[in-house]
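Contents: one structure, followed by commentary.
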Amino acid sequence: MDAFDDVLSANQQYQRTFTDAGLPGRAAKGLALVTCMDSRIDPLGLLGLHAGDAKILRTAGARVTDDVLRSLVLAHHLLGVERVMVLAHTDCGMAKATDEKVHATIRERSGVDSRSVDFQTIDDQQATLAHDVQRIRSSPYLPADMPVVGGVYDVSTGAVELHAT
């Protein structure tokens with residue numbers, strides 16, 4: 001457990017001042033945000049949200065995977081989500097490599113053959129964003145009229161630019 005001592009110690013500090021806000025599990029603002037796992041992204045802060053306002057789903061490259069769709073279906077039908085924003089970002093590592101390059105890097109660094117994993121790297125961020133938004137819109141398990149939008153967060157300026165997708 002030594003590898004986690006720092007975060008467990010921080011949690012002990014957190015517990016000292018923690019107050020249960022009594023928030024329900026529903027998304028108070030009816031929003032689900034699909035964004036990248038990049039640690040430069042503060043999903044609540046960049047949209048002026050607070051704990052309890054939205055469901056946050058993070059994947060490498062902000063990709064709408066089968067598991068994201070599963071989570072969105074649950075979030076809509078059980079947790080108050082009525083709109084979805086897919087938010088990619090500038091300087092994304094998934095847009096700087098190919099699956100082949102990622103597999104080669106993993107093999108070089110660790111000897112692991114990862115070719116059975118589809119990393120879903122991004123060769124055209126706008127086209128990929130439009131594709132992923134359409135995946136949500138066309139899900140038979142979500143309302144056809146549910147608002148879904150795609151955009152890009154600029155990690156150097158903090159700006160969000162929505163795109164016609």
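Chain labels run A, B, ... following the order of the structure tokens; each chain numbers its residues from 1, and ligands are numbered from 1 in the order shown.
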Once you count only C-alpha atoms, what closest atom pair and distance in Å to one decimal does each residue of range 71-164 of chain A within 7 Å of range 10-34 of chain A have, with rows by chain and rising residue number, as CSV?
```
residue,atom,partner,partner_atom,distance
A:Leu79,CA,A:Arg26,CA,4.3
A:Gly80,CA,A:Arg26,CA,5.3
A:Val81,CA,A:Gly30,CA,4.2
A:Glu82,CA,A:Gly30,CA,5.0
A:Arg83,CA,A:Leu31,CA,5.1
A:Val84,CA,A:Ala32,CA,4.8
A:Met85,CA,A:Leu33,CA,4.9
A:Val86,CA,A:Val34,CA,4.7
A:Leu87,CA,A:Val34,CA,6.0
```
Restricted to N, CA, C and O atoms, what would the selected residues look like written as a PDB file, in the first residue's frame?
```pdb
ATOM      1  N   LEU A  79     -30.809   8.844 -13.638  1.00  0.00           N
ATOM      2  CA  LEU A  79     -30.074   9.845 -12.865  1.00  0.00           C
ATOM      3  C   LEU A  79     -30.262  11.286 -13.338  1.00  0.00           C
ATOM      4  O   LEU A  79     -29.455  12.160 -13.032  1.00  0.00           O
ATOM      5  N   GLY A  80     -31.287  11.545 -14.103  1.00  0.00           N
ATOM      6  CA  GLY A  80     -31.651  12.911 -14.429  1.00  0.00           C
ATOM      7  C   GLY A  80     -30.915  13.580 -15.567  1.00  0.00           C
ATOM      8  O   GLY A  80     -31.067  14.788 -15.770  1.00  0.00           O
ATOM      9  N   VAL A  81     -30.147  12.851 -16.335  1.00  0.00           N
ATOM     10  CA  VAL A  81     -29.423  13.470 -17.450  1.00  0.00           C
ATOM     11  C   VAL A  81     -30.374  13.702 -18.620  1.00  0.00           C
ATOM     12  O   VAL A  81     -31.042  12.783 -19.084  1.00  0.00           O
ATOM     13  N   GLU A  82     -30.429  14.950 -19.077  1.00  0.00           N
ATOM     14  CA  GLU A  82     -31.308  15.342 -20.181  1.00  0.00           C
ATOM     15  C   GLU A  82     -30.541  15.948 -21.358  1.00  0.00           C
ATOM     16  O   GLU A  82     -31.127  16.280 -22.380  1.00  0.00           O
ATOM     17  N   ARG A  83     -29.213  16.130 -21.199  1.00  0.00           N
ATOM     18  CA  ARG A  83     -28.385  16.693 -22.265  1.00  0.00           C
ATOM     19  C   ARG A  83     -26.957  16.201 -22.083  1.00  0.00           C
ATOM     20  O   ARG A  83     -26.544  15.874 -20.961  1.00  0.00           O
ATOM     21  N   VAL A  84     -26.223  16.135 -23.208  1.00  0.00           N
ATOM     22  CA  VAL A  84     -24.870  15.585 -23.179  1.00  0.00           C
ATOM     23  C   VAL A  84     -23.925  16.504 -23.939  1.00  0.00           C
ATOM     24  O   VAL A  84     -24.235  16.949 -25.047  1.00  0.00           O
ATOM     25  N   MET A  85     -22.769  16.761 -23.336  1.00  0.00           N
ATOM     26  CA  MET A  85     -21.698  17.494 -24.001  1.00  0.00           C
ATOM     27  C   MET A  85     -20.494  16.561 -24.113  1.00  0.00           C
ATOM     28  O   MET A  85     -20.063  15.983 -23.119  1.00  0.00           O
ATOM     29  N   VAL A  86     -19.977  16.410 -25.338  1.00  0.00           N
ATOM     30  CA  VAL A  86     -18.745  15.661 -25.563  1.00  0.00           C
ATOM     31  C   VAL A  86     -17.660  16.709 -25.767  1.00  0.00           C
ATOM     32  O   VAL A  86     -17.739  17.526 -26.688  1.00  0.00           O
ATOM     33  N   LEU A  87     -16.661  16.709 -24.890  1.00  0.00           N
ATOM     34  CA  LEU A  87     -15.669  17.764 -24.898  1.00  0.00           C
ATOM     35  C   LEU A  87     -14.258  17.196 -25.050  1.00  0.00           C
ATOM     36  O   LEU A  87     -13.667  16.679 -24.109  1.00  0.00           O
TER      37      LEU A  87
END
```
Quick one: residues within 10 Å of Thr65 in chain A, only C-alpha atoms counted, chain neighbours fewer than 3 positions away excluded, as a short mmCIF file (atom, residue, chain, number, x, y, z; two decimals) with N, CA and C atoms, in the first residue's frame?
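Output (part20.cif):
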```cif
data_model
loop_
_atom_site.label_atom_id
_atom_site.label_comp_id
_atom_site.auth_asym_id
_atom_site.auth_seq_id
_atom_site.Cartn_x
_atom_site.Cartn_y
_atom_site.Cartn_z
N THR A 59 -12.73 9.38 -20.63
CA THR A 59 -12.04 8.34 -21.39
C THR A 59 -10.85 8.96 -22.11
N ALA A 60 -9.89 8.14 -22.48
CA ALA A 60 -8.76 8.64 -23.27
C ALA A 60 -9.28 9.22 -24.58
N ALA A 62 -11.58 11.48 -24.91
CA ALA A 62 -13.01 11.82 -24.81
C ALA A 62 -13.83 10.99 -25.78
N VAL A 68 -19.23 4.15 -22.35
CA VAL A 68 -19.79 5.50 -22.20
C VAL A 68 -21.27 5.49 -22.57
N LEU A 69 -21.61 4.82 -23.66
CA LEU A 69 -23.02 4.73 -24.05
C LEU A 69 -23.84 4.04 -22.97
N ARG A 70 -23.33 2.96 -22.41
CA ARG A 70 -24.01 2.25 -21.32
C ARG A 70 -24.24 3.21 -20.15
N SER A 71 -23.22 3.97 -19.80
CA SER A 71 -23.34 4.91 -18.69
C SER A 71 -24.32 6.03 -19.00
N GLN A 120 -8.32 3.51 -30.01
CA GLN A 120 -9.18 4.53 -30.61
C GLN A 120 -8.48 5.88 -30.70
N ASP A 132 -18.55 10.70 -32.71
CA ASP A 132 -18.92 10.32 -31.35
C ASP A 132 -20.24 10.97 -30.92
N ARG A 135 -22.92 9.00 -32.49
CA ARG A 135 -23.13 7.72 -31.79
C ARG A 135 -24.13 7.88 -30.66
N ILE A 136 -24.04 8.97 -29.93
CA ILE A 136 -24.98 9.21 -28.84
C ILE A 136 -26.37 9.50 -29.41
#
```
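Near Val133 in chain A, within 8 Å and counting only C-alpha atoms, sit Val64, Val86, Leu129, Ala130, Ile136, Arg137, Val148, Val149, Gly150 and Thr165 of chain A, not including residues fewer than 3 positions from it in the same chain.
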CA of Asp154 in chain A to CA of Asp91 in chain A, distance in Å rounded to a single decimal: 8.1 Å
Please, which residues of range 1-154 of chain A, numbered as in this document, come out strand (DSSP E) from DSSP, as a ChimeraX atom specification? /A:31-36,54-59,83-89,148-153
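Each of A:Gly93, A:Leu44, A:Ile56, A:Val7 was checked against Leu72 in chain A using only C-alpha atoms; the smallest atom-to-atom distance is that of A:Ile56.
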Tell me, in Å to one decimal, how far CA of Ala75 in chain A is from CA of Tyr141 in chain A. 11.3 Å
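For the pair CA of His77 in chain A and CA of Glu161 in chain A, the separation is 28.3 Å.
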Apply DSSP to the structure's backbone, then extract all residues of chain A labelled alpha helix (DSSP H) and return them as a ChimeraX atom specification. /A:5-17,66-79,99-110,125-137
Ser114 in chain A surroundings by only C-alpha atoms, 9 Å radius, close-in-sequence under 4 positions cut, as a ChimeraX atom specification: /A:102-104,106-107,118
Give me, as JSON, numbers by chain, all polymer residues having an atom no more than 10 Å from Val160 in chain A, counting only C-alpha atoms and skipping those fewer than 4 positions away in the same chain. {"A": [46, 47, 87, 88, 89, 151, 152, 153, 154, 155]}
